[in-house]
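S.K.: Here you go, coords.cif (mmCIF, C-alpha atoms and all ligand atoms):
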```
data_data
#
loop_
_atom_site.label_atom_id
_atom_site.label_comp_id
_atom_site.auth_asym_id
_atom_site.auth_seq_id
_atom_site.Cartn_x
_atom_site.Cartn_y
_atom_site.Cartn_z
CA MET B 1 38.17 -13.19 40.37
CA LYS B 2 40.86 -10.75 41.47
CA VAL B 3 44.04 -11.82 39.67
CA ALA B 4 47.70 -11.29 40.56
CA VAL B 5 50.78 -12.54 38.75
CA LEU B 6 53.86 -13.30 40.87
CA GLY B 7 57.07 -13.05 38.89
CA GLY B 8 57.90 -10.00 36.82
CA GLY B 9 60.02 -11.60 34.11
CA ALA B 10 59.08 -12.05 30.46
CA PHE B 11 56.25 -14.52 31.00
CA GLY B 12 54.69 -12.95 34.07
CA THR B 13 54.66 -9.60 32.30
CA ALA B 14 53.13 -11.07 29.15
CA LEU B 15 50.39 -12.80 31.16
CA ALA B 16 49.59 -9.60 33.05
CA VAL B 17 49.36 -7.64 29.79
CA SER B 18 47.11 -10.28 28.24
CA LEU B 19 44.84 -10.72 31.29
CA ALA B 20 44.35 -6.97 31.53
CA ALA B 21 41.92 -7.45 28.64
CA ASN B 22 39.55 -8.97 31.24
CA GLY B 23 40.02 -6.49 34.09
CA PRO B 24 42.53 -5.16 36.62
CA VAL B 25 45.63 -7.28 37.28
CA THR B 26 48.38 -6.89 39.88
CA LEU B 27 51.91 -7.83 38.80
CA TRP B 28 54.48 -8.44 41.54
CA ALA B 29 58.12 -8.14 40.46
CA ARG B 30 60.82 -8.40 43.11
CA ASN B 31 62.84 -5.95 41.00
CA ALA B 32 59.95 -3.55 40.30
CA GLY B 33 62.26 -0.67 41.23
CA ALA B 34 64.53 -1.50 38.28
CA TRP B 35 61.71 -1.14 35.75
CA ARG B 36 61.76 1.99 33.58
CA ASP B 37 58.59 3.45 32.01
CA ARG B 38 56.50 0.39 33.03
CA THR B 39 58.66 -1.82 30.80
CA CYS B 40 59.99 -5.17 32.02
CA PRO B 41 63.78 -5.44 31.59
CA LYS B 42 63.25 -8.99 30.26
CA LEU B 43 60.56 -8.05 27.72
CA GLU B 44 61.63 -4.95 25.91
CA GLY B 45 59.20 -3.12 23.67
CA VAL B 46 56.16 -3.95 25.85
CA THR B 47 54.65 -1.28 28.11
CA LEU B 48 52.20 -2.30 30.83
CA PRO B 49 48.65 -1.11 30.13
CA GLY B 50 46.94 1.10 32.73
CA ARG B 51 44.91 -1.79 34.11
CA VAL B 52 48.08 -3.52 35.39
CA THR B 53 49.29 -2.42 38.82
CA LEU B 54 53.04 -3.06 39.09
CA THR B 55 54.22 -3.57 42.67
CA GLY B 56 57.36 -4.60 44.49
CA ASP B 57 55.30 -5.40 47.60
CA VAL B 58 54.26 -9.04 47.60
CA ALA B 59 51.59 -8.38 50.28
CA GLU B 60 49.74 -6.22 47.74
CA ALA B 61 49.66 -9.12 45.27
CA LEU B 62 48.48 -11.53 47.96
CA THR B 63 45.19 -9.64 48.35
CA ALA B 64 44.08 -11.28 45.07
CA ASP B 65 42.10 -14.54 45.16
CA THR B 66 43.80 -16.00 42.05
CA LEU B 67 47.60 -16.16 42.02
CA LEU B 68 49.62 -17.05 38.93
CA PHE B 69 53.21 -18.10 39.68
CA ALA B 70 55.37 -17.16 36.68
CA LEU B 71 58.96 -17.59 37.78
CA PRO B 72 61.68 -20.14 37.07
CA MET B 73 60.94 -23.64 38.38
CA GLN B 74 63.94 -23.87 40.69
CA SER B 75 62.84 -20.63 42.44
CA LEU B 76 59.23 -21.64 43.15
CA ALA B 77 59.72 -23.53 46.44
CA GLY B 78 61.94 -20.78 47.86
CA LEU B 79 59.42 -18.09 46.96
CA LEU B 80 56.57 -20.04 48.58
CA ASP B 81 58.63 -20.58 51.75
CA GLY B 82 58.96 -16.82 52.13
CA LEU B 83 55.24 -16.02 51.73
CA PRO B 84 52.99 -15.47 54.73
CA GLU B 85 50.13 -17.85 55.66
CA GLY B 86 46.81 -17.51 53.85
CA LEU B 87 47.31 -19.21 50.49
CA GLU B 88 44.76 -21.95 51.32
CA GLY B 89 41.62 -20.16 50.20
CA LYS B 90 43.07 -19.00 46.88
CA ALA B 91 43.28 -20.44 43.38
CA LEU B 92 46.99 -21.19 42.81
CA VAL B 93 48.13 -21.50 39.19
CA ALA B 94 51.69 -22.53 38.35
CA CYS B 95 53.00 -21.22 35.03
CA CYS B 96 56.56 -22.53 35.35
CA LYS B 97 57.88 -25.38 33.21
CA GLY B 98 60.25 -27.74 34.92
CA ILE B 99 60.94 -30.37 37.57
CA ASP B 100 62.26 -29.30 40.97
CA LEU B 101 65.75 -30.74 41.39
CA THR B 102 65.48 -31.29 45.14
CA ARG B 103 62.04 -32.88 45.28
CA LEU B 104 61.90 -34.36 41.75
CA THR B 105 58.34 -33.09 41.36
CA GLY B 106 56.63 -30.52 39.19
CA PRO B 107 55.16 -27.22 40.42
CA ALA B 108 51.71 -28.58 41.39
CA ALA B 109 53.16 -30.81 44.11
CA ILE B 110 55.18 -27.89 45.43
CA LEU B 111 52.08 -25.69 45.62
CA ALA B 112 50.22 -28.56 47.35
CA GLU B 113 53.09 -29.02 49.83
CA ARG B 114 52.87 -25.33 50.80
CA ALA B 115 49.06 -25.09 50.77
CA PRO B 116 47.64 -28.61 51.27
CA ALA B 117 43.98 -27.51 51.24
CA ALA B 118 44.34 -25.57 47.97
CA MET B 119 43.66 -27.16 44.58
CA PRO B 120 46.66 -26.33 42.36
CA ALA B 121 46.33 -25.68 38.65
CA ILE B 122 48.82 -25.53 35.79
CA LEU B 123 48.84 -23.08 32.87
CA THR B 124 51.11 -24.33 30.12
CA GLY B 125 51.43 -24.86 26.37
CA PRO B 126 53.05 -23.38 23.26
CA SER B 127 53.51 -19.66 23.86
CA PHE B 128 56.30 -17.16 23.63
CA ALA B 129 55.97 -14.23 26.02
CA ALA B 130 56.54 -11.78 23.17
CA ASP B 131 53.64 -13.28 21.19
CA ILE B 132 51.23 -13.22 24.14
CA ALA B 133 52.17 -9.66 25.06
CA ARG B 134 51.53 -8.52 21.47
CA GLY B 135 48.06 -10.07 21.59
CA LEU B 136 48.83 -12.71 18.96
CA PRO B 137 46.48 -15.74 18.99
CA THR B 138 47.63 -18.42 21.43
CA ALA B 139 46.10 -21.65 22.77
CA LEU B 140 47.17 -23.09 26.13
CA THR B 141 46.19 -25.87 28.52
CA LEU B 142 44.68 -25.08 31.93
CA ALA B 143 44.96 -28.26 34.01
CA CYS B 144 43.26 -28.71 37.37
CA ALA B 145 42.17 -31.96 39.02
CA ASP B 146 39.02 -30.27 40.33
CA GLU B 147 36.62 -29.80 37.42
CA ALA B 148 34.65 -26.89 38.91
CA MET B 149 37.82 -25.00 39.75
CA GLY B 150 39.23 -25.81 36.30
CA LYS B 151 36.12 -24.42 34.60
CA ALA B 152 36.17 -21.25 36.69
CA LEU B 153 39.86 -20.65 35.90
CA GLN B 154 39.36 -21.43 32.21
CA GLN B 155 36.66 -18.74 32.04
CA ALA B 156 38.57 -16.21 34.09
CA LEU B 157 41.92 -16.55 32.33
CA SER B 158 40.78 -16.89 28.69
CA THR B 159 40.86 -13.67 26.68
CA PRO B 160 39.85 -12.90 23.08
CA ALA B 161 43.43 -13.80 21.99
CA LEU B 162 44.34 -16.39 24.63
CA ARG B 163 42.23 -19.54 24.25
CA LEU B 164 42.46 -22.01 27.14
CA TYR B 165 41.64 -25.70 26.80
CA ARG B 166 40.78 -27.50 30.04
CA SER B 167 42.30 -30.73 31.35
CA ARG B 168 42.16 -32.65 34.65
CA ASP B 169 45.56 -34.24 34.02
CA VAL B 170 47.88 -32.01 36.04
CA ILE B 171 50.83 -34.42 35.94
CA GLY B 172 50.62 -34.84 32.17
CA ALA B 173 50.33 -31.09 31.54
CA GLU B 174 53.26 -30.14 33.73
CA LEU B 175 55.55 -32.92 32.53
CA GLY B 176 54.90 -32.14 28.86
CA GLY B 177 55.88 -28.51 29.45
CA ALA B 178 58.93 -29.49 31.49
CA LEU B 179 60.35 -32.22 29.27
CA LYS B 180 59.91 -30.45 25.93
CA ASN B 181 62.61 -28.03 27.07
CA VAL B 182 65.11 -30.89 27.37
CA VAL B 183 64.35 -32.08 23.85
CA ALA B 184 64.61 -28.49 22.59
CA ILE B 185 68.18 -28.26 23.91
CA ALA B 186 69.00 -31.51 22.11
CA CYS B 187 67.47 -30.21 18.87
CA GLY B 188 69.33 -26.91 19.13
CA ALA B 189 72.61 -28.75 19.67
CA CYS B 190 71.86 -30.95 16.68
CA ILE B 191 71.21 -27.99 14.36
CA GLY B 192 74.07 -25.95 15.85
CA ALA B 193 76.48 -28.78 15.14
CA GLY B 194 75.27 -29.01 11.53
CA LEU B 195 73.72 -32.46 11.90
CA GLY B 196 70.66 -31.54 9.84
CA ASP B 197 66.88 -31.40 9.90
CA SER B 198 66.47 -35.18 9.55
CA ALA B 199 68.40 -35.74 12.78
CA ARG B 200 66.28 -33.06 14.46
CA ALA B 201 63.07 -34.80 13.38
CA ALA B 202 64.43 -38.05 14.85
CA LEU B 203 65.28 -36.31 18.13
CA MET B 204 61.83 -34.70 18.34
CA THR B 205 60.08 -38.00 17.70
CA ARG B 206 62.21 -40.12 20.01
CA GLY B 207 62.18 -37.28 22.54
CA PHE B 208 58.39 -37.32 22.44
CA ALA B 209 58.44 -41.09 23.05
CA GLU B 210 60.72 -40.48 26.04
CA MET B 211 58.47 -37.67 27.40
CA THR B 212 55.43 -39.94 27.13
CA ARG B 213 57.23 -42.91 28.72
CA LEU B 214 58.23 -40.96 31.82
CA ALA B 215 54.97 -39.02 32.14
CA VAL B 216 52.75 -42.10 31.82
CA HIS B 217 54.91 -43.92 34.35
CA LEU B 218 54.32 -41.01 36.76
CA GLY B 219 50.54 -41.14 36.24
CA ALA B 220 49.85 -38.99 33.16
CA GLU B 221 47.33 -39.80 30.41
CA PRO B 222 49.10 -40.37 27.07
CA GLU B 223 46.49 -38.15 25.32
CA THR B 224 47.67 -35.17 27.38
CA LEU B 225 51.18 -35.58 26.00
CA ALA B 226 49.73 -35.48 22.48
CA GLY B 227 48.04 -32.13 23.22
CA LEU B 228 49.08 -28.49 23.47
CA SER B 229 51.11 -28.96 26.65
CA GLY B 230 53.19 -31.77 25.16
CA LEU B 231 53.45 -32.20 21.41
CA GLY B 232 52.25 -28.63 20.76
CA ASP B 233 54.92 -27.05 22.92
CA LEU B 234 57.56 -29.54 21.79
CA THR B 235 56.97 -28.52 18.17
CA LEU B 236 57.22 -24.80 18.94
CA THR B 237 60.27 -25.01 21.16
CA CYS B 238 62.31 -27.38 18.99
CA THR B 239 61.86 -25.32 15.83
CA SER B 240 62.01 -21.65 16.78
CA ASP B 241 64.96 -19.36 17.39
CA LEU B 242 62.71 -17.47 19.84
CA SER B 243 63.11 -20.35 22.31
CA ARG B 244 65.85 -19.85 24.89
CA ASN B 245 66.23 -23.61 25.38
CA TYR B 246 66.68 -24.11 21.64
CA ARG B 247 69.14 -21.20 21.40
CA PHE B 248 71.12 -22.59 24.34
CA GLY B 249 71.34 -25.88 22.46
CA LEU B 250 72.40 -24.04 19.28
CA ALA B 251 75.26 -22.42 21.23
CA LEU B 252 76.32 -25.81 22.62
CA GLY B 253 76.34 -27.29 19.13
CA ARG B 254 78.39 -24.42 17.75
CA GLY B 255 80.78 -24.41 20.70
CA GLU B 256 79.79 -20.83 21.54
CA ALA B 257 79.25 -19.21 24.95
CA PHE B 258 75.70 -18.53 26.16
CA ASP B 259 74.51 -15.73 28.47
CA ALA B 260 74.31 -17.27 31.96
CA GLY B 261 71.58 -14.79 32.96
CA THR B 262 69.10 -16.24 30.48
CA THR B 263 66.47 -18.58 31.89
CA VAL B 264 67.02 -22.07 30.40
CA GLU B 265 64.69 -24.44 32.24
CA GLY B 266 65.70 -27.57 30.31
CA ALA B 267 69.18 -27.90 31.85
CA ALA B 268 68.00 -28.56 35.43
CA THR B 269 65.01 -30.50 34.12
CA ALA B 270 67.31 -32.88 32.23
CA GLN B 271 69.14 -33.65 35.47
CA ALA B 272 65.88 -34.10 37.38
CA ALA B 273 64.41 -36.36 34.67
CA GLU B 274 67.57 -38.44 34.57
CA ALA B 275 67.37 -38.85 38.36
CA LEU B 276 63.73 -39.93 38.10
CA GLY B 277 64.60 -42.42 35.35
CA ARG B 278 67.43 -43.87 37.45
CA ARG B 279 65.20 -44.06 40.53
CA ASP B 280 62.34 -45.84 38.74
CA GLY B 281 64.24 -47.79 36.07
CA ILE B 282 62.83 -45.84 33.10
CA PRO B 283 65.21 -45.52 30.12
CA LEU B 284 65.59 -41.86 29.13
CA PRO B 285 68.60 -41.71 26.80
CA ILE B 286 67.95 -38.19 25.44
CA CYS B 287 67.42 -36.68 28.90
CA GLY B 288 70.60 -38.37 30.12
CA THR B 289 72.54 -37.10 27.12
CA VAL B 290 71.29 -33.53 27.56
CA SER B 291 72.10 -33.69 31.26
CA ARG B 292 75.72 -34.55 30.52
CA LEU B 293 75.96 -32.09 27.60
CA THR B 294 74.78 -29.20 29.76
CA GLU B 295 77.08 -30.06 32.66
CA GLY B 296 79.97 -30.19 30.19
CA THR B 297 80.97 -33.84 30.59
CA LEU B 298 80.01 -34.79 27.00
CA THR B 299 80.56 -33.10 23.64
CA VAL B 300 77.92 -32.94 20.90
CA PRO B 301 79.77 -35.41 18.58
CA GLU B 302 80.19 -37.83 21.52
CA ALA B 303 76.50 -37.43 22.34
CA MET B 304 75.41 -38.32 18.79
CA ASP B 305 77.80 -41.28 18.71
CA GLN B 306 76.35 -42.60 21.97
CA LEU B 307 72.73 -42.18 20.85
CA LEU B 308 73.40 -43.85 17.49
CA ALA B 309 75.32 -46.75 19.08
CA ARG B 310 72.37 -47.78 21.25
CA PRO B 311 71.05 -51.30 20.56
CA LEU B 312 68.61 -51.45 17.63
CA LYS B 313 65.00 -51.77 18.80
CA GLU B 314 61.36 -51.79 17.74
CA GLU B 315 59.74 -48.35 17.43
N1 LIG B 401 59.26 -16.51 28.37
C1 LIG B 401 58.38 -17.32 27.77
O1 LIG B 401 58.15 -17.21 26.56
C2 LIG B 401 57.64 -18.37 28.58
C3 LIG B 401 56.51 -18.95 28.03
C4 LIG B 401 55.84 -19.93 28.74
C5 LIG B 401 56.30 -20.32 30.00
N2 LIG B 401 57.41 -19.74 30.49
C6 LIG B 401 57.87 -20.20 31.81
O2 LIG B 401 57.72 -19.16 32.76
C7 LIG B 401 58.71 -19.31 33.78
C8 LIG B 401 59.39 -17.97 33.98
O3 LIG B 401 60.08 -17.68 32.77
P1 LIG B 401 60.33 -16.20 32.27
O4 LIG B 401 60.39 -16.26 30.79
O5 LIG B 401 59.40 -15.22 32.88
O6 LIG B 401 61.81 -15.97 32.84
P2 LIG B 401 62.58 -14.60 32.95
O7 LIG B 401 64.03 -14.95 33.04
O8 LIG B 401 62.16 -13.65 31.90
O9 LIG B 401 62.10 -13.99 34.33
C9 LIG B 401 62.20 -14.67 35.53
C10 LIG B 401 61.72 -13.72 36.62
O10 LIG B 401 61.61 -14.46 37.82
C11 LIG B 401 62.11 -13.64 38.85
N3 LIG B 401 62.53 -14.50 39.94
C12 LIG B 401 63.47 -15.46 39.92
N4 LIG B 401 63.58 -16.03 41.13
C13 LIG B 401 62.70 -15.39 41.93
C14 LIG B 401 62.35 -15.49 43.29
N5 LIG B 401 62.91 -16.39 44.09
N6 LIG B 401 61.41 -14.67 43.77
C15 LIG B 401 60.83 -13.77 42.97
N7 LIG B 401 61.10 -13.61 41.68
C16 LIG B 401 62.04 -14.42 41.17
C17 LIG B 401 63.26 -12.87 38.22
O11 LIG B 401 63.54 -11.69 38.97
C18 LIG B 401 62.69 -12.56 36.85
O12 LIG B 401 61.97 -11.37 36.86
C19 LIG B 401 59.67 -20.42 33.31
O13 LIG B 401 59.35 -21.62 33.97
C20 LIG B 401 59.36 -20.55 31.83
O14 LIG B 401 59.55 -21.86 31.34
C21 LIG B 401 58.09 -18.77 29.83
O1 LIG B 402 62.10 -19.67 25.64
P1 LIG B 402 61.81 -21.04 26.17
O2 LIG B 402 62.67 -22.09 25.55
O3 LIG B 402 61.81 -21.05 27.67
O4 LIG B 402 60.32 -21.42 25.71
C1 LIG B 402 59.27 -20.58 26.04
C2 LIG B 402 57.98 -21.35 26.10
O5 LIG B 402 58.06 -22.39 27.04
C3 LIG B 402 57.53 -21.86 24.77
O6 LIG B 402 56.25 -22.44 24.91
#
```
Go ahead and render the structure in this file as structure tokens.
Ligand SMILES: NC(=O)c1ccc[n+]([C@@H]2O[C@H](COP(=O)([O-])OP(=O)(O)OC[C@H]3O[C@@H](n4cnc5c(N)ncnc54)[C@H](O)[C@@H]3O)[C@@H](O)[C@H]2O)c1
Ligand SMILES: O=P(O)(O)OC[C@H](O)CO

M.R.:
Amino acid sequence: MKVAVLGGGAFGTALAVSLAANGPVTLWARNAGAWRDRTCPKLEGVTLPGRVTLTGDVAEALTADTLLFALPMQSLAGLLDGLPEGLEGKALVACCKGIDLTRLTGPAAILAERAPAAMPAILTGPSFAADIARGLPTALTLACADEAMGKALQQALSTPALRLYRSRDVIGAELGGALKNVVAIACGACIGAGLGDSARAALMTRGFAEMTRLAVHLGAEPETLAGLSGLGDLTLTCTSDLSRNYRFGLALGRGEAFDAGTTVEGAATAQAAEALGRRDGIPLPICGTVSRLTEGTLTVPEAMDQLLARPLKEE
């Protein structure tokens, strides 16, 4: 397989560095001209190995037969709209974690909309770009509805340090990765406001229940949510200062400003999840709370009061 990564931010760069262990990789960055010494501005301290070709010309990346899309969720549809015909015969792998605000779908449906004959796949799970780029051991989920395609991608994209588990549950894998970011913002806000580790554990657990409720309603297998793409990534993102979603929540909880140029997927995903819950009558109190927190219509103390005042129920 000839592999190209589209999206030259922290994650796309880390994937290209990691996959170079298997052979040549092309990395397309729209801002390739702004790179200095083959170092991504979003992933300092990591230099591209010789096997990675960095290009600002998307046509060069599109000569590959396997394309990994590693850019923010809300940018995916726009990027695809601007690409020329010819995606149909390729393996298309989405690496973004989120729900598109306009369509209220994850990345696989957007890839399918653009290339109906292609079989989209999802690469997701607990992984910080800095860890992957340093070659630290990481396990991820590769989800594809087509088993043969899933097996081929699992083989091609696993490396000695990056271990891929296969799944056919695309909806479950992408929703786990999307919704954990919302819960991570809630957990960051909780810790930032000094509400304690017990409250965080409650938010993680009830957040996981909420993730599973929505994902199963939309067709996911509950076991997928309990795997790397769901519980695994939830655990990492809700407990580490390396997570941007968690740090954004910390800033909210402390009443501090946060750099608007940092990618925080959970804010838009909270709004999208809340819209899905409203549309389908699924209660999602944590997503709704995070949606209002991030748009600034609710404070952290008000949010906790509202969550605690909900009617008592069975677990
Ligand atoms: N950073 C991580 O540790 C990590 C790990 C796993 C998954 N992810 C996921 O990967 C996705 C990308 O995150 P990231 O960390 O690379 O973000 P980032 O902020 O580091 O980089 C985003 C990149 O996307 C590019 N981009 C944005 N819109 C674009 C467009 N329309 N066309 C072309 N390029 C565009 C930007 O120029 C930038 O280089 C997110 O969905 C994130 O959840 C990130
Ligand atoms: O930095 P975050 O919060 O976008 O998290 C990065 C990855 O999704 C963790 O698996």

S.K.: For ligand LIG 401 (chain B), collect every residue having any atom at a distance of at most 7 Å from a ligand atom (counting only C-alpha atoms and all ligand atoms); output as a PyMOL selection string.

M.R.: chain B and resi 7-12+29-31+42+70-73+75-76+78-79+95-98+124+127-130+262-263+265

S.K.: Could you list, as a PyMOL selection string, all protein and nucleic acid residues with an atom at most 9 Å from ligand LIG 402 (chain B), counting all atoms listed in the file?

M.R.: chain B and resi 11+96-97+124-129+177-178+180-181+184-185+229+232-234+236-238+240-248+263-266

S.K.: Write out as a CSV table (one decimal) with C-alpha atoms, in the coordinates of the input each polymer residue whose atoms come within 9 Å of segment 152-166 of chain B, counting all atoms listed in the file; drop sequence neighbours fewer than 2 positions from it.

M.R.:
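Full text of result21.csv as output:
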```
chain,number,residue,atom,x,y,z
B,1,MET,CA,38.2,-13.2,40.4
B,3,VAL,CA,44.0,-11.8,39.7
B,18,SER,CA,47.1,-10.3,28.2
B,19,LEU,CA,44.8,-10.7,31.3
B,20,ALA,CA,44.4,-7.0,31.5
B,21,ALA,CA,41.9,-7.4,28.6
B,22,ASN,CA,39.6,-9.0,31.2
B,66,THR,CA,43.8,-16.0,42.0
B,91,ALA,CA,43.3,-20.4,43.4
B,93,VAL,CA,48.1,-21.5,39.2
B,121,ALA,CA,46.3,-25.7,38.6
B,123,LEU,CA,48.8,-23.1,32.9
B,132,ILE,CA,51.2,-13.2,24.1
B,135,GLY,CA,48.1,-10.1,21.6
B,136,LEU,CA,48.8,-12.7,19.0
B,137,PRO,CA,46.5,-15.7,19.0
B,138,THR,CA,47.6,-18.4,21.4
B,139,ALA,CA,46.1,-21.6,22.8
B,140,LEU,CA,47.2,-23.1,26.1
B,141,THR,CA,46.2,-25.9,28.5
B,142,LEU,CA,44.7,-25.1,31.9
B,143,ALA,CA,45.0,-28.3,34.0
B,144,CYS,CA,43.3,-28.7,37.4
B,147,GLU,CA,36.6,-29.8,37.4
B,148,ALA,CA,34.6,-26.9,38.9
B,149,MET,CA,37.8,-25.0,39.8
B,150,GLY,CA,39.2,-25.8,36.3
B,168,ARG,CA,42.2,-32.6,34.6
B,228,LEU,CA,49.1,-28.5,23.5
```

S.K.: Between atom CA of Ala77 of chain B and atom CA of Ile110 of chain B, what is the spacing in Å?

M.R.: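 A separation of 6.4 Å between them.
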
S.K.: When you draw a straight line from atom CA of Gly227 of chain B to atom CA of Ala145 of chain B, how long is it in Å?

M.R.: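 Taking atom CA of Gly227 of chain B as the start and atom CA of Ala145 of chain B as the end point, the length is 16.9 Å.
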
S.K.: What does the distance from atom CA of Gly176 of chain B to atom CA of Leu276 of chain B come to in Å, to one decimal?

M.R.: 15.0 Å

S.K.: Using all atoms listed in the file, which residues sit within 10 Å of Ala273 of chain B once same-chain residues fewer than 6 positions away are excluded, as a list in words?

M.R.: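 So, after excluding close chain neighbours, the residues are Gly98, Ile99, Asp100, Leu101, Leu104, Thr105, Leu175, Ala178, Leu179, Val182, Met211, Leu214, Gly266, Arg279, Ile282, Leu284, Cys287, Gly288 and Ser291 of chain B.
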
S.K.: Would you mind listing what lies within 10 Å of segment 301-311 of chain B as a ChimeraX atom specification, with all atoms listed in the file counted and same-chain residues fewer than 6 positions away left out?

M.R.: /B:186,189-190,193,195,199,203,253,285-286,288-290,292-293

S.K.: Tell me, as a list in words, which residues lie within 12 Å of Glu85 of chain B, counting only C-alpha atoms; anything in the same chain fewer than 6 positions away does not count.

M.R.: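 Those residues are Ala59, Leu62, Arg114, Ala115 and Pro116 of chain B.
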
S.K.: Let me see the file: selected residues, C-alpha atoms, as an mmCIF file, keeping the file's coordinate frame.

M.R.:
```cif
data_model
loop_
_atom_site.group_PDB
_atom_site.id
_atom_site.type_symbol
_atom_site.label_atom_id
_atom_site.label_comp_id
_atom_site.auth_asym_id
_atom_site.auth_seq_id
_atom_site.Cartn_x
_atom_site.Cartn_y
_atom_site.Cartn_z
ATOM 1 C CA ALA B 59 51.590 -8.380 50.280
ATOM 2 C CA LEU B 62 48.480 -11.530 47.960
ATOM 3 C CA ARG B 114 52.870 -25.330 50.800
ATOM 4 C CA ALA B 115 49.060 -25.090 50.770
ATOM 5 C CA PRO B 116 47.640 -28.610 51.270
#
```

S.K.: For Lys2 of chain B, please output as JSON, numbers by chain all residues within 8 Å (counting all atoms listed in the file; exclusion window: fewer than 5 positions along the same chain).

M.R.: {"B": [24, 25, 64, 65, 66]}

S.K.: Which residue out of B:Gly192, B:Pro41, B:Gly33, B:Pro84 has the minimum interatomic distance to Gly56 of chain B when only C-alpha atoms are used?

M.R.: B:Gly33

S.K.: Around segment 10-28 of chain B, fit a box with edges along x, y and z, padding it by 3 Å on each side, then list its centre and edge lengths in Å to one decimal as lines of an AutoDock Vina configuration file.

M.R.:
```
center_x = 49.3
center_y = -9.8
center_z = 34.9
size_x = 25.5
size_y = 15.4
size_z = 19.3
```

S.K.: So, with only C-alpha atoms as the atoms that count, which of B:Glu88, B:Asp57, B:Glu44, B:Asp131 lies closest to Leu111 of chain B?

M.R.: B:Glu88

S.K.: Out of B:Cys40, B:Glu223, B:Thr55, B:Glu210, which residue has the shortest atom-to-atom distance to Ser167 of chain B when counting all atoms listed in the file?

M.R.: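 Going through B:Cys40, B:Glu223, B:Thr55, B:Glu210 one by one, the smallest distance to Ser167 of chain B is for B:Glu223.
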
S.K.: May I ask which of the residues B:Leu225, B:Leu54, B:Val170, B:Pro49 is the closest one to Ala109 of chain B, counting all atoms listed in the file?

M.R.: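 Closest candidate: B:Val170.
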
S.K.: Using all atoms listed in the file, which of the listed residues (B:Thr39, B:Thr269, B:Thr235, B:Thr26) sits closest to Glu174 of chain B?

M.R.: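 Between B:Thr39, B:Thr269, B:Thr235, B:Thr26, the residue approaching Glu174 of chain B most closely is B:Thr269.
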
S.K.: Can you work out which one of B:Ala257, B:Ala118, B:Val183, B:Ala108 has the shortest atom-to-atom distance to Asp169 of chain B, counting only C-alpha atoms?

M.R.: B:Ala108

S.K.: Would you mind putting back N, CA, C and O atoms on segment 174-183 of chain B, then writing it out as a PDB file, in the frame of the given file?

M.R.:
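What landed in result-v4.pdb:
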```pdb
ATOM      1  N   GLU B 174      52.002 -30.750  33.264  1.00  0.00           N
ATOM      2  CA  GLU B 174      53.260 -30.140  33.730  1.00  0.00           C
ATOM      3  C   GLU B 174      54.481 -30.886  33.204  1.00  0.00           C
ATOM      4  O   GLU B 174      55.506 -30.270  32.911  1.00  0.00           O
ATOM      5  N   LEU B 175      54.369 -32.194  33.030  1.00  0.00           N
ATOM      6  CA  LEU B 175      55.550 -32.920  32.530  1.00  0.00           C
ATOM      7  C   LEU B 175      55.784 -32.662  31.040  1.00  0.00           C
ATOM      8  O   LEU B 175      56.924 -32.603  30.581  1.00  0.00           O
ATOM      9  N   GLY B 176      54.717 -32.496  30.272  1.00  0.00           N
ATOM     10  CA  GLY B 176      54.900 -32.140  28.860  1.00  0.00           C
ATOM     11  C   GLY B 176      55.674 -30.840  28.733  1.00  0.00           C
ATOM     12  O   GLY B 176      56.659 -30.731  27.992  1.00  0.00           O
ATOM     13  N   GLY B 177      55.237 -29.824  29.502  1.00  0.00           N
ATOM     14  CA  GLY B 177      55.880 -28.510  29.450  1.00  0.00           C
ATOM     15  C   GLY B 177      57.311 -28.540  29.967  1.00  0.00           C
ATOM     16  O   GLY B 177      58.172 -27.793  29.497  1.00  0.00           O
ATOM     17  N   ALA B 178      57.574 -29.409  30.934  1.00  0.00           N
ATOM     18  CA  ALA B 178      58.930 -29.490  31.490  1.00  0.00           C
ATOM     19  C   ALA B 178      59.875 -30.216  30.525  1.00  0.00           C
ATOM     20  O   ALA B 178      60.977 -29.727  30.222  1.00  0.00           O
ATOM     21  N   LEU B 179      59.432 -31.355  30.029  1.00  0.00           N
ATOM     22  CA  LEU B 179      60.350 -32.220  29.270  1.00  0.00           C
ATOM     23  C   LEU B 179      60.605 -31.733  27.855  1.00  0.00           C
ATOM     24  O   LEU B 179      61.660 -32.005  27.268  1.00  0.00           O
ATOM     25  N   LYS B 180      59.667 -30.972  27.296  1.00  0.00           N
ATOM     26  CA  LYS B 180      59.910 -30.450  25.930  1.00  0.00           C
ATOM     27  C   LYS B 180      61.141 -29.554  25.909  1.00  0.00           C
ATOM     28  O   LYS B 180      61.814 -29.434  24.883  1.00  0.00           O
ATOM     29  N   ASN B 181      61.432 -28.907  27.025  1.00  0.00           N
ATOM     30  CA  ASN B 181      62.610 -28.030  27.070  1.00  0.00           C
ATOM     31  C   ASN B 181      63.908 -28.825  26.929  1.00  0.00           C
ATOM     32  O   ASN B 181      64.890 -28.341  26.359  1.00  0.00           O
ATOM     33  N   VAL B 182      63.913 -30.039  27.476  1.00  0.00           N
ATOM     34  CA  VAL B 182      65.110 -30.890  27.370  1.00  0.00           C
ATOM     35  C   VAL B 182      65.325 -31.288  25.904  1.00  0.00           C
ATOM     36  O   VAL B 182      66.447 -31.214  25.376  1.00  0.00           O
ATOM     37  N   VAL B 183      64.246 -31.666  25.255  1.00  0.00           N
ATOM     38  CA  VAL B 183      64.350 -32.080  23.850  1.00  0.00           C
ATOM     39  C   VAL B 183      64.744 -30.883  22.978  1.00  0.00           C
ATOM     40  O   VAL B 183      65.504 -31.029  22.009  1.00  0.00           O
TER      41      VAL B 183
END
```
